[in-house]
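Enquirer: For reference, this is entry.txt, and it has compact mmCIF, C-alpha atoms.
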# COMPACT_ATOMS: atom_id res chain seq x y z
CA MET A 1 114.76 108.91 94.80
CA GLN A 2 112.93 110.31 97.85
CA THR A 3 114.10 109.61 101.40
CA LEU A 4 110.99 107.59 102.31
CA GLU A 5 111.36 105.40 99.22
CA LEU A 6 115.04 104.85 100.03
CA LEU A 7 114.16 103.77 103.56
CA CYS A 8 111.45 101.46 102.20
CA CYS A 9 113.92 99.94 99.75
CA ALA A 10 116.52 99.54 102.50
CA LEU A 11 114.02 97.45 104.45
CA SER A 12 113.33 95.03 101.61
CA GLY A 13 113.89 91.42 102.48
CA PRO A 14 112.34 89.63 105.42
CA ILE A 15 110.54 92.73 106.75
CA MET A 16 109.20 94.17 103.51
CA GLU A 17 108.66 92.88 99.98
CA SER A 18 107.55 94.79 96.88
CA MET A 19 103.81 94.86 96.22
CA ASN A 20 104.20 94.36 92.44
CA THR A 21 102.50 90.98 92.83
CA SER A 22 99.11 92.70 92.38
CA THR A 23 99.62 93.07 88.65
CA ASP A 24 99.55 90.43 85.94
CA ASN A 25 101.89 90.39 82.95
CA THR A 26 99.69 92.88 81.05
CA GLY A 27 100.04 95.48 83.81
CA ALA A 28 96.35 95.37 84.74
CA HIS A 29 95.30 94.95 88.34
CA ILE A 30 93.91 91.49 89.04
CA GLY A 31 90.49 93.03 89.68
CA GLY A 32 90.44 94.35 86.12
CA LEU A 33 91.34 97.96 86.92
CA PRO A 34 94.69 99.38 85.82
CA GLU A 35 97.29 100.12 88.49
CA ARG A 36 97.44 103.92 88.90
CA ARG A 37 100.23 104.20 91.46
CA GLY A 38 103.56 105.48 90.25
CA THR A 39 105.41 103.99 93.24
CA ASN A 40 105.78 100.58 94.86
CA ARG A 41 103.96 99.66 98.04
CA PHE A 42 105.43 97.52 100.79
CA PRO A 43 103.39 95.30 103.17
CA VAL A 44 104.35 96.90 106.47
CA ARG A 45 102.31 96.01 109.57
CA GLU A 46 103.00 98.59 112.28
CA ASP A 47 100.96 100.57 114.79
CA VAL A 48 99.62 103.89 113.49
CA ARG A 49 97.96 106.79 115.28
CA TYR A 50 95.93 109.25 113.22
CA ARG A 51 94.14 112.55 113.70
CA VAL A 52 91.93 114.42 111.24
CA VAL A 53 93.16 118.01 111.13
CA GLN A 54 90.58 120.79 111.56
CA SER A 55 87.61 118.47 111.70
CA ARG A 56 84.32 120.40 111.60
CA VAL A 57 82.59 117.83 113.75
CA ALA A 58 83.85 116.17 116.90
CA LYS A 59 87.56 115.41 116.94
CA ILE A 60 88.32 112.37 114.81
CA SER A 61 91.36 110.40 115.91
CA GLY A 62 92.28 106.84 116.64
CA CYS A 63 94.69 103.97 116.31
CA GLY A 64 95.10 101.31 113.67
CA THR A 65 97.61 99.20 111.79
CA THR A 66 99.38 100.01 108.56
CA LEU A 67 98.55 97.61 105.72
CA ASN A 68 101.04 98.94 103.20
CA ILE A 69 103.34 101.93 102.78
CA GLY A 70 104.94 103.54 99.75
CA SER A 71 106.70 106.83 99.13
CA GLY A 72 103.39 108.30 97.93
CA GLY A 73 100.96 107.04 100.54
CA ILE A 74 99.84 104.78 103.37
CA LEU A 75 96.93 102.34 103.62
CA PHE A 76 95.89 101.61 107.20
CA THR A 77 93.04 100.35 109.36
CA THR A 78 90.86 102.88 111.20
CA GLU A 79 88.36 102.84 114.03
CA GLU A 80 85.80 104.64 111.85
CA LYS A 81 85.39 105.88 108.29
CA LEU A 82 87.53 108.96 107.66
CA PRO A 83 86.21 111.91 105.61
CA ILE A 84 87.63 111.88 102.06
CA GLY A 85 89.59 114.98 101.13
CA ARG A 86 90.47 115.92 104.71
CA MET A 87 94.01 116.38 106.00
CA VAL A 88 95.26 113.75 108.43
CA GLU A 89 98.31 113.59 110.68
CA LEU A 90 99.79 110.10 111.00
CA SER A 91 102.36 108.67 113.37
CA VAL A 92 103.78 105.24 112.48
CA ASN A 93 106.26 103.14 114.45
CA TRP A 94 108.95 102.56 111.80
CA PRO A 95 110.30 98.98 111.55
CA ALA A 96 113.96 100.03 111.09
CA ARG A 97 116.26 101.53 113.70
CA LEU A 98 118.69 104.40 113.33
CA ASP A 99 122.20 102.93 113.37
CA GLY A 100 120.53 99.62 114.23
CA VAL A 101 119.85 100.89 117.76
CA CYS A 102 117.49 103.86 118.03
CA PRO A 103 113.79 103.24 117.22
CA LEU A 104 112.22 105.59 114.66
CA GLN A 105 108.78 107.03 114.10
CA LEU A 106 107.40 108.26 110.76
CA VAL A 107 105.29 111.38 111.23
CA ALA A 108 103.34 112.31 108.09
CA THR A 109 100.63 114.69 106.95
CA GLY A 110 98.47 113.90 103.98
CA ARG A 111 95.04 113.91 102.43
CA VAL A 112 92.51 111.06 102.70
CA VAL A 113 92.03 109.83 99.12
CA ARG A 114 90.03 106.70 99.91
CA SER A 115 88.04 105.53 102.93
CA GLU A 116 86.02 102.32 103.04
CA GLY A 117 84.63 100.91 106.26
CA GLN A 118 87.57 100.60 108.61
CA ARG A 119 90.35 101.32 106.11
CA ALA A 120 91.75 104.56 104.74
CA ALA A 121 94.35 105.53 102.16
CA VAL A 122 96.27 108.76 102.65
CA ARG A 123 98.42 110.49 100.00
CA ILE A 124 101.51 111.77 101.80
CA GLU A 125 102.20 115.48 101.37
CA ARG A 126 104.83 115.97 104.08
CA TYR A 127 106.75 113.65 106.38
CA GLU A 128 109.64 113.46 108.80
CA PHE A 129 111.33 110.80 110.87
CA LYS A 130 111.68 111.25 114.60
CA THR A 131 113.53 109.17 117.13
CA ARG A 132 111.40 107.26 119.60
CA SER A 133 112.21 106.63 123.24
CA MET A 134 110.21 105.56 126.23
CA ASN A 135 110.06 109.12 127.62
CA SER A 136 110.08 111.52 124.65
CA SER A 137 110.57 112.05 120.90
CA HIS A 138 113.24 114.21 119.32
CA ASN A 139 113.16 115.54 115.76
CA LEU A 140 115.72 114.26 113.29
CA THR A 141 116.94 116.39 110.45
CA VAL A 142 115.35 114.02 107.90
CA SER A 143 112.17 115.61 106.58
CA ALA A 144 110.69 116.20 103.15
CA SER A 145 107.62 117.17 101.22
CA ALA A 146 106.24 114.49 98.94
Is it possible to express this structure as structure tokens?

Expert:
Amino acid sequence: MQTLELLCCALSGPIMESMNTSTDNTGAHIGGLPERRGTNRFPVREDVRYRVVQSRVAKISGCGTTLNIGSGGILFTTEEKLPIGRMVELSVNWPARLDGVCPLQLVATGRVVRSEGQRAAVRIERYEFKTRSMNSSHNLTVSASA
């Protein structure tokens, strides 16, 4: 099991619950389309900052809120529609703390696979957790490619 999925599972309970409720007993999505994800999603609502990498037009960046997170991707709100297929860097305030004390930040890079209005879905290709403090961030040794 990947590190991100383990951390998601460790947060299950009052903070996060599995998103399997979107399927009926036949495995089809309530909207009639089959569920294509191979991983669970968790309804995490945290601040996210994003930046489109190597944008050909003006720099595209902004802030939003995560809607759900899984080991394979993140769905979040955006300030504008993001270009599909482009690489995005994301920074998410993680709801768990290292040793119950130190706040964490998920820093991920991935490709925009869906963008509708003010929402975007990004498939995670690489991520790492960093410690957060009021003054600076320090890298942790926990990083992986998805």

Enquirer: Please compute the atom CA of Gly100 of chain A-atom CA of Val122 of chain A distance, one decimal, in Å.

Expert: 28.4 Å

Enquirer: Quick one: distance from atom CA of Pro103 of chain A to atom CA of Gly64 of chain A in Å, one decimal?

Expert: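 Separation between atom CA of Pro103 of chain A and atom CA of Gly64 of chain A: 19.1 Å.
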
Enquirer: Leaving out Ala108 of chain A and any residue of its chain fewer than 2 positions from it, which residues lie within 8 Å of it when counting only C-alpha atoms, given as a compact mmCIF listing (two decimals) with C-alpha atoms, in the coordinates of the input?

Expert:
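Saved result, part_20.txt, follows:
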# COMPACT_ATOMS: atom_id res chain seq x y z
CA GLU A 89 98.31 113.59 110.68
CA LEU A 90 99.79 110.10 111.00
CA SER A 91 102.36 108.67 113.37
CA LEU A 106 107.40 108.26 110.76
CA GLY A 110 98.47 113.90 103.98
CA ILE A 124 101.51 111.77 101.80
CA GLU A 125 102.20 115.48 101.37
CA ARG A 126 104.83 115.97 104.08
CA TYR A 127 106.75 113.65 106.38
CA GLU A 128 109.64 113.46 108.80

Enquirer: Report, in Å to a single decimal, how far apart atom CA of Arg86 of chain A and atom CA of Val52 of chain A are.

Expert: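 Separation between atom CA of Val52 of chain A and atom CA of Arg86 of chain A: 6.9 Å.
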
Enquirer: With all atoms listed in the file as the counted atoms, please give the residues lying no more than 12 Å from Ile84 of chain A, apart from itself and same-chain residues fewer than 6 positions off, as a ChimeraX atom specification.

Expert: /A:52,55,110-116,119-123

Enquirer: Can you tell me which residues surround Val92 of chain A at a distance of at most 10 Å, considering only C-alpha atoms, apart from same-chain residues fewer than 6 positions away, and format the answer as a ChimeraX atom specification?

Expert: /A:45-50,63-66,74,104-108,129

Enquirer: With all atoms listed in the file as the atoms that count, which of A:Ser71, A:Asn93, A:Ser133, A:Ser61 lies nearest to Phe42 of chain A?

Expert: A:Ser71

Enquirer: Pick the closest to Gly117 of chain A from A:Leu82, A:Leu67, A:Val88, A:Cys102: which is it, counting only C-alpha atoms?

Expert: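 Ranking A:Leu82, A:Leu67, A:Val88, A:Cys102 by distance to Gly117 of chain A, first place goes to A:Leu82.
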
Enquirer: So, counting only C-alpha atoms, which residue among A:Val101, A:Met87, A:Ala96, A:Ile60 is closest to Val44 of chain A?

Expert: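 Closest to Val44 of chain A of all the choices is A:Ala96.
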